[in-house]
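Undergrad: Please find one structure pasted underneath; my questions will follow.
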Amino acid sequence: AQRVTQPEKLLSVFKGAPVELKCNYSYSGSPELFWYVQYSRQRLQLLLRHISRESIKGFTADLNKGETSFHLKKPFAQEEDSAMYYCALLTGGGNKLTFGTGTQLKVEL
Amino acid sequence: NAGVTQTPKFRVLKTGQSMTLLCAQDMNHEYMYWYRQDPGMGLRLIHYSVGEGTTAKGEVPDGYNVSRLKKQNFLLGLESAAPSQTSVYFCASSVGLNSYNEQFFGPGTRLTVL
């Protein structure tokens with residue numbers, strides 16, 4: 001069965017420090033992975049998807065099939081990065097997303 | 001263009017009461033979803049729909065029913081609410097099966113069952 005694991009419930013870093021939010025997945029098919037973000041008092045929104053190989057707001061994520069990981073990284077954390085981050089895996093033949101349990105990122109001054 | 005809207009924003013129910021949550025989208029999306037968000041458990045899929053008139057069970061469907069009579073609306077019903085259904089409920093929609101598959105989320109409904 002498919003599964004997405006985010007081992008950290010809370011990650012606290014100082015402003016300017018590097019950030020890495022971990023995500024591991026378990027899936028028998030070819031994985032399509034996403035990072036969604038929920039800022040305080042805002043709705044959940046897509047941050048980035050692995051097939052686009054894009055950098056959004058300074059964040060990048062590389063799919064590592066050997067380690068079954070899709071970690072989210074940013075070299076220098078900003079205060080506005082504080083939010084809840086969810087890793088998600090496309091499943092059900094492309095019909096639905098399986099989400100991880102989320103990681104709350106807190107960037108301290 | 002309002003995107004995905006949810007009604008109501010907040011609701012308090014007593015155990016055993018029923019209610020319906022309404023989700024509406026104006027993006028002509030084929031797919032719609034209902035999730036619940038609980039602390040430490042992330043988002044879990046309750047039910048989803050891949051088109052008007054279709055519904056399917058997600059990860060945690062027990063105690064809920066859904067209907068998709070119109071393409072733009074997706075209703076989530078609780079026939080007999082239980083305290084375990086206290087949660088924040090999110091609706092989402094997406095274009096359908098394509099290589100991007102971005103889901104657009106509503107603002108959420110906070111439900112408390114006493």
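So you can find residues: chains in the structure tokens are A, B, ... in the order shown, residues in each start at 1, and ligands are numbered from 1 in order.
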Contacts between chain A and chain B, please, where a residue of chain B counts if it comes within 7 Å (with only C-alpha atoms); show its shortest atom pair and distance in Å to one decimal, rows by chain and ascending number, as CSV.

TA:
residue,atom,partner,partner_atom,distance
B:Gly40,CA,A:Thr101,CA,6.0
B:Met41,CA,A:Thr101,CA,4.9
B:Gly42,CA,A:Thr101,CA,3.8
B:Leu43,CA,A:Phe99,CA,6.0
B:Leu97,CA,A:Gly94,CA,6.0
B:Glu102,CA,A:Leu46,CA,6.8
B:Phe104,CA,A:Gln45,CA,6.7
B:Phe105,CA,A:Leu44,CA,5.9
B:Gly106,CA,A:Arg43,CA,6.4
B:Pro107,CA,A:Arg43,CA,5.1

Undergrad: Using only C-alpha atoms, which residues sit within 10 Å of Ala77 of chain A once same-chain residues fewer than 2 positions away are excluded, as number ranges by chain?

TA: A: 13-20, 58-59, 73-75, 79-82, 105-108

Undergrad: Filtering to N, CA, C and O atoms, could you give me those residues as a compact mmCIF listing (two decimals), in the first residue's frame?

TA:
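File result-v6.txt, as written:
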# COMPACT_ATOMS: atom_id res chain seq x y z
N VAL A 13 14.08 26.32 13.06
CA VAL A 13 15.38 26.78 12.59
C VAL A 13 15.47 28.29 12.76
O VAL A 13 14.45 28.98 12.89
N PHE A 14 16.70 28.80 12.74
CA PHE A 14 16.89 30.24 12.81
C PHE A 14 16.88 30.83 11.41
O PHE A 14 17.24 30.17 10.43
N LYS A 15 16.47 32.06 11.34
CA LYS A 15 16.47 32.78 10.07
C LYS A 15 17.88 32.75 9.47
O LYS A 15 18.87 32.98 10.18
N GLY A 16 17.94 32.45 8.17
CA GLY A 16 19.21 32.37 7.48
C GLY A 16 19.84 31.00 7.49
O GLY A 16 20.80 30.74 6.75
N ALA A 17 19.32 30.10 8.30
CA ALA A 17 19.86 28.74 8.37
C ALA A 17 19.26 27.89 7.27
O ALA A 17 18.16 28.18 6.77
N PRO A 18 19.95 26.81 6.88
CA PRO A 18 19.37 25.92 5.86
C PRO A 18 18.21 25.11 6.44
O PRO A 18 18.17 24.83 7.63
N VAL A 19 17.28 24.77 5.54
CA VAL A 19 16.11 24.00 5.93
C VAL A 19 16.03 22.73 5.10
O VAL A 19 16.27 22.76 3.89
N GLU A 20 15.71 21.63 5.77
CA GLU A 20 15.42 20.39 5.06
C GLU A 20 14.25 19.70 5.73
O GLU A 20 14.32 19.28 6.88
N GLY A 58 12.42 29.79 -3.39
CA GLY A 58 13.73 29.34 -2.95
C GLY A 58 13.79 27.88 -2.53
O GLY A 58 14.86 27.37 -2.21
N PHE A 59 12.64 27.21 -2.55
CA PHE A 59 12.58 25.80 -2.18
C PHE A 59 12.81 24.91 -3.40
O PHE A 59 12.33 25.21 -4.49
N LYS A 73 14.04 21.38 0.41
CA LYS A 73 15.22 22.09 0.91
C LYS A 73 15.18 23.56 0.54
O LYS A 73 14.63 23.94 -0.50
N LYS A 74 15.79 24.34 1.41
CA LYS A 74 15.98 25.76 1.13
C LYS A 74 17.27 26.18 1.81
O LYS A 74 17.48 25.88 2.98
N PRO A 75 18.16 26.87 1.09
CA PRO A 75 19.47 27.17 1.67
C PRO A 75 19.43 28.18 2.82
O PRO A 75 20.22 28.07 3.76
N GLU A 79 11.64 34.26 7.62
CA GLU A 79 10.56 34.23 8.59
C GLU A 79 9.23 33.85 7.93
O GLU A 79 8.43 33.11 8.52
N GLU A 80 9.03 34.31 6.71
CA GLU A 80 7.76 34.02 6.02
C GLU A 80 7.62 32.57 5.58
O GLU A 80 6.57 32.18 5.07
N ASP A 81 8.66 31.77 5.77
CA ASP A 81 8.57 30.35 5.44
C ASP A 81 7.86 29.56 6.53
O ASP A 81 7.54 28.37 6.33
N SER A 82 7.64 30.16 7.67
CA SER A 82 6.95 29.47 8.77
C SER A 82 5.56 29.05 8.31
O SER A 82 4.75 29.89 7.89
N LEU A 105 6.98 24.01 10.18
CA LEU A 105 8.27 24.71 10.15
C LEU A 105 8.14 26.04 10.86
O LEU A 105 7.24 26.84 10.55
N LYS A 106 9.01 26.26 11.82
CA LYS A 106 9.03 27.52 12.55
C LYS A 106 10.39 28.16 12.34
O LYS A 106 11.41 27.55 12.69
N VAL A 107 10.40 29.35 11.77
CA VAL A 107 11.65 30.07 11.54
C VAL A 107 11.75 31.18 12.58
O VAL A 107 10.91 32.08 12.63
N GLU A 108 12.78 31.07 13.39
CA GLU A 108 12.95 32.02 14.49
C GLU A 108 13.98 33.08 14.13
O GLU A 108 14.92 32.81 13.40

Undergrad: Which residues are near Thr54 of chain B? Cut-off 12 Å, only C-alpha atoms, ignore same chain within fewer than 5 positions. Put them as a list in words.

TA: Glu30, Tyr31, Met32, Tyr33, His47, Tyr48, Ser49, Val66, Ser67, Arg68, Leu69, Lys70, Lys71, Asn73 and Phe74 of chain B

Undergrad: Could you save those same residues with N, CA and C atoms as a short mmCIF file (atom, residue, chain, number, x, y, z; two decimals), in the first residue's frame?

TA:
data_model
loop_
_atom_site.label_atom_id
_atom_site.label_comp_id
_atom_site.auth_asym_id
_atom_site.auth_seq_id
_atom_site.Cartn_x
_atom_site.Cartn_y
_atom_site.Cartn_z
N GLU B 30 -13.22 18.57 -13.04
CA GLU B 30 -13.89 17.28 -13.03
C GLU B 30 -13.83 16.61 -11.66
N TYR B 31 -12.68 16.67 -11.02
CA TYR B 31 -12.45 15.92 -9.79
C TYR B 31 -12.69 16.79 -8.57
N MET B 32 -13.33 16.20 -7.57
CA MET B 32 -13.52 16.89 -6.29
C MET B 32 -13.27 15.92 -5.16
N TYR B 33 -12.86 16.47 -4.00
CA TYR B 33 -12.40 15.65 -2.88
C TYR B 33 -12.87 16.25 -1.56
N HIS B 47 -13.94 10.95 0.88
CA HIS B 47 -14.56 10.51 -0.36
C HIS B 47 -14.07 11.42 -1.49
N TYR B 48 -14.20 10.93 -2.70
CA TYR B 48 -13.86 11.77 -3.82
C TYR B 48 -14.77 11.46 -5.01
N SER B 49 -14.68 12.32 -6.02
CA SER B 49 -15.53 12.16 -7.20
C SER B 49 -14.70 12.51 -8.44
N VAL B 66 -21.67 11.15 0.48
CA VAL B 66 -21.41 12.26 -0.43
C VAL B 66 -22.33 12.17 -1.63
N SER B 67 -22.49 13.31 -2.28
CA SER B 67 -23.22 13.33 -3.53
C SER B 67 -22.64 14.38 -4.45
N ARG B 68 -22.69 14.07 -5.76
CA ARG B 68 -22.15 15.00 -6.79
C ARG B 68 -23.21 15.06 -7.90
N LEU B 69 -24.30 15.73 -7.58
CA LEU B 69 -25.39 15.83 -8.54
C LEU B 69 -25.09 16.85 -9.63
N LYS B 70 -24.33 17.86 -9.28
CA LYS B 70 -23.92 18.87 -10.25
C LYS B 70 -22.39 18.91 -10.28
N LYS B 71 -21.83 19.19 -11.41
CA LYS B 71 -20.38 19.18 -11.57
C LYS B 71 -19.70 20.14 -10.61
N ASN B 73 -20.67 21.14 -7.62
CA ASN B 73 -20.94 20.97 -6.19
C ASN B 73 -20.61 19.56 -5.71
N PHE B 74 -20.09 19.48 -4.49
CA PHE B 74 -19.78 18.19 -3.88
C PHE B 74 -20.21 18.29 -2.43
#

Undergrad: Can you measure atom CA of Ser93 of chain B to atom CA of Thr5 of chain B for me? One decimal in Å is fine.

TA: 10.4 Å

Undergrad: At what distance in Å, to one decimal, does atom CA of Ala92 of chain B lie from atom CA of Asn28 of chain B?

TA: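 According to the coordinates, atom CA of Asn28 of chain B and atom CA of Ala92 of chain B are separated by 12.5 Å.
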
Undergrad: Looking only at the backbone, which of the residues in chain B does DSSP tag as strand (DSSP E), as a ChimeraX atom specification?

TA: /B:4-7,10-13,19-25,31-38,42-49,56-57,65-67,73-78,87-94,104-105,109-113

Undergrad: Report as an MDAnalysis selection string all protein, DNA and RNA residues lying within 6 Å of His71 of chain A, evaluated on only C-alpha atoms, omitting residues in the same chain fewer than 5 positions from it.

TA: chainID A and resid 21:23 61

Undergrad: Pick the closest to Ser28 of chain A from A:Ala83, A:Lys65, A:Ala1, A:Ser40: which is it, counting only C-alpha atoms?

TA: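 Comparing A:Ala83, A:Lys65, A:Ala1, A:Ser40 against Ser28 of chain A, the winner is A:Ala1.
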
Undergrad: Let me make sure I understand: among B:Gln85, B:Leu78, B:Glu52, B:Asn101, which one has the smallest atom-to-atom distance to Leu33 of chain A if we use only C-alpha atoms?

TA: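 Looking at the shortest contact to Leu33 of chain A, the residue is B:Asn101.
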
Undergrad: Can you pull out every residue within 7 Å of Asn24 of chain A, counting only C-alpha atoms, but drop anything in the same chain fewer than 6 positions away, and send it as a ChimeraX atom specification?

TA: /A:4-6,68-70
